Amino acid sequence: MPSSAVPRTPAVATLVAAALAAGLLAGSTPAGAAEGGPLRIHDIQGTTRTSPLVGGQVADVPGVVTGVRTYGSRGFWFQDPEGDRDPATSEGVFVYTGSVPTVAVGDRVLVSGTVGEYVPGGAASGNQSLTQIAKPSVTVLSQGHEVPAPVTVSGWSVPSAYAPEGDPAAGNSVNGLPLQPRRYALDYYESLEGTNIRIGTSRVVGATDPYAELWVTVKPWENPSRRGGTVYGSYTSQNTGRLQIQSLTPLAEQPFPDANVGDVLAGSTEGPLDFNQYGGYTLTARTLGTVHDRGTEREKTRPQRSGELAVATYNVENLDPSDPQEKFDALAEAVVGNLASPDILALEEIQDDTGAKNDGTVSAGATLAKFTDAIAAAGGPAYEWRSVDPENNRDGGEPGGNIRQVFLFNPERVSFTDRPGGDATTATGVVRERGRAALTLSPGRIDPANTAWESSRKPLAGEFSFRGRPVFVIANHFGSKGGDESLVSHHQPPNRSSEAKRLLQAQSVNAFVKDILKADRRADVLVVGDINDFEFSATTTALTDGGALYAAVRSLPRSERYSYVFQGNSQVLDQILTSPSIGDFTYDSVHINAEFADQNSDHDPQVLRFRP
């Protein structure tokens with residue numbers, strides 16, 4: 001794990017002078033420095049996010065080993081048991097060895113090496129850096145010591161404000177700003193980087209993932225969801241009590257517990273505070289609490305009533321025929337048992353018949369036949385489907401997978417109005433026929449030549465008929481958030497570069513909906529799918545521009561507005577938006593995946609019912 005900082009090699013005396021000149025110890029002299037002795041860990045950590053000694057050599061830095069990592073980024077943490085009483089300077093630091101360390105927890109050591117600032121994910125990620133000592137020489141003085149007493153992280157110790165505004169002169173970076181750990185949560189966590197910390201009994205807000213990580217909150221009162229999560233409701237409310245938990249013990253030696261949102265990690269969890277690429281500040285547990293199952297169950301929506309049309313959207317996460325039958329069966333059971341067999345179901349991430357094999361295949365008939373057969377076997381209707389095959393490798397997603405949106409519909413309840421001619425590159429339009437709006441192509445793609453849809457899934461428009469009334473459904477899968485900086489970026493606020501594309505996509509869909517409403521202001525239009533953005537985002541604002549659409553998720557209480565859980569934040573990505581004629585509806589975000597360790601998809605489906 002080499003440092004991402006530009007290497008510099010000043011002499012130790014120069015480093016000490018620079019540290020003092022920078023006010024590293026608030027006017028005090030580093031322990032041993034005046035006598036020519038070694039620097040201490042807090043001298044290395046400093047009072048900002050980056051070490052004042054970066055690139056330099058340090059010798060015989062004393063401390064006690066608090067944690068040893070024998071997998072992944074191998075190394076160990078050690079901590080000064082004395083400290084300088086400055087809340088802005090951490091007393092612990094990571095030592096990167098590159099191989100399995102030869103020290104043990106409780107060893108009193110002297111460490112020499114190169115001070116670096118390693119950026120997990122690389123400088124382009126925007127992540128904050130981890131101060132470390134690399135290329136170390138380690139001397140074990142004695143063994144069997146108690147580790148320094150942990151700092152208890154609690155809801156009362158973490159500030160409610162998330163981060164300071166970045167310095168405009170430094171490109172909005174916070175790296176050079178003095179830490180204010182009593183004012184900002186990110187500063188508080190940074191002041192404990194590498195330190196032995198503990199949390200008490202805490203609620204799980206992010207289920208155990210495939211990488212043996214889970215998220216808890218030390219602030220159970222902070223924007224709680226109805227089911228035990230923490231709701232992300234605005235860009236200015238980042239939920240400061242969230243903390244990622246990993247284990248220092250390799251999985252081969254001790255399995256990591258499965259936990260769902262709403263469960264409790266009980267007892268004491270203790271270990272060094274790390275910073276990693278996926279989640280930022282992470283308690284790497286030397287001692288892990290016990291997961292108590294609180295019985296979170298998968299939701300079931302009610303069946304549609306007589307005269308109601310039920311429209312749903314579901315991201316089925318790269319479904320293709322090579323997936324095990326168990327996945328098809330589980331998704332089918334969800335459609336029938338949890339979604340009550342909606343009349344129209346828009347699917348996202350249906351892959352072609354050979355999946356991610358990059359062989360030029362674009363058809364998805366085998367994928368859809370396998371899925372609809374599984375639905376029928378689960379007791380559901382004999383769904384028919386409509387879609388438009390994409391051009392090969394032109395719509396993003398896994399190379400060769402050719403994901404696309406698909407309409408399933410129950411022909412016993414609703415009919416599809418087929419207007420032939422739609423293909424990957426031909427745009428459908430809107431005409432007025434017999435006093436009503438009609439699509440020129442159904443199914444058809446919206447504005448596929450628009451650069452907004454370059455390397456992205458094009459919207460699929462379909463015209464349906466329910467009890468003699470036309471209903472227009474537009475299935476979407478907007479551009480992902482890939483490339484955005486995380487909430488723990490050293491840029492504050494973080495750069496969200498992906499929003500620019502989704503804004504253009506939203507404007508394209510909004511314009512099409514306005515074309516339908518211009519032809520018939522009473523038309524029933526639903527825009528559905530994985531919008532990949534929040535209900536308070538500029539994307540959603542653009543979709544609803546001019547009153548063309550309403551984000552139906554806003555009809556839910558705030559504690560139920562989410563379809564996805566990311567880094568402990570329950571948030572909206574999947575949406576259904578309605579035209580003005582659909583004024584009376586019921587909306588349900590059906591929580592069956594995002595909160596669970598055993599997911600069939602990482603998204604929760606959405607269902608809207610109304611009377612056309």
# chains A, B, ... in the order shown; residues from 1 in each chain; ligands from 1
>>> residues_around(residues="region 94-96 of chain A", least_positions_apart="3", cutoff="7 Å", atoms="only C-alpha atoms", output="JSON, numbers by chain")
{"A": [74, 75, 76, 77, 78, 132, 133, 134, 194]}
>>> select_by_dssp(residues="region 271-518 of chain A", states="strand (DSSP E or B)", output="number ranges by chain")
A: 271-276, 280-285, 287, 290-292, 309-319, 344-350, 384-387, 404-409, 415-416, 419, 427, 430-433, 436-439, 442, 444-445, 460-466, 469-477, 489, 491
>>> residues_around(residues="region 336-344 of chain A", least_positions_apart="6", cutoff="9 Å", atoms="only C-alpha atoms", output="ChimeraX atom specification")
/A:298-304,309-313,375-376,378-381,383,407-414,473,590,592,605-607,609
>>> residues_around(residues="Gly444 (chain A)", least_positions_apart="2", cutoff="9 Å", atoms="only C-alpha atoms", output="PyMOL selection string")
chain A and resi 387-388+419-424+426-429+439-442+446+459-462
>>> closest_atom_pairs(of="region 385-487 of chain A", to="region 525-542 of chain A", cutoff="6 Å", atoms="only C-alpha atoms", output="Markdown table")
| residue | atom | partner | partner_atom | distance |
| --- | --- | --- | --- | --- |
| A:Phe472 | CA | A:Val525 | CA | 4.7 |
| A:Val473 | CA | A:Leu526 | CA | 4.8 |
| A:Ile474 | CA | A:Val527 | CA | 4.8 |
| A:Ala475 | CA | A:Val528 | CA | 5.1 |
| A:Asn476 | CA | A:Gly529 | CA | 4.7 |
| A:His477 | CA | A:Asp530 | CA | 4.8 |
| A:Phe478 | CA | A:Ile531 | CA | 5.0 |
| A:Ser480 | CA | A:Asn532 | CA | 5.8 |
>>> residues_around(residues="region 268-277 of chain A", least_positions_apart="2", cutoff="7 Å", atoms="only C-alpha atoms", output="PyMOL selection string")
chain A and resi 66-67+77+120-121+130+192-201+266+279-289
>>> residues_around(residues="region 142-144 of chain A", least_positions_apart="6", cutoff="12 Å", atoms="only C-alpha atoms", output="list in words")
Pro62, Gly63, Val64, Val65, Thr66, Val103, Ala104, Val105, Gly106, Asp107, Arg108, Val109 and Leu110 of chain A
>>> closest_residue(among="A:Arg522, A:Arg457, A:Asn402, A:Asp484", to="Ala437 (chain A)", atoms="only C-alpha atoms")
A:Arg522
>>> select_by_dssp(residues="region 188-360 of chain A", states="helix (DSSP H, G or I)", output="list in words")
Tyr188, Tyr189, Glu190, Gln325, Glu326, Lys327, Phe328, Asp329, Ala330, Leu331, Ala332, Glu333, Ala334, Val335, Val336, Gly337 and Asn338 of chain A
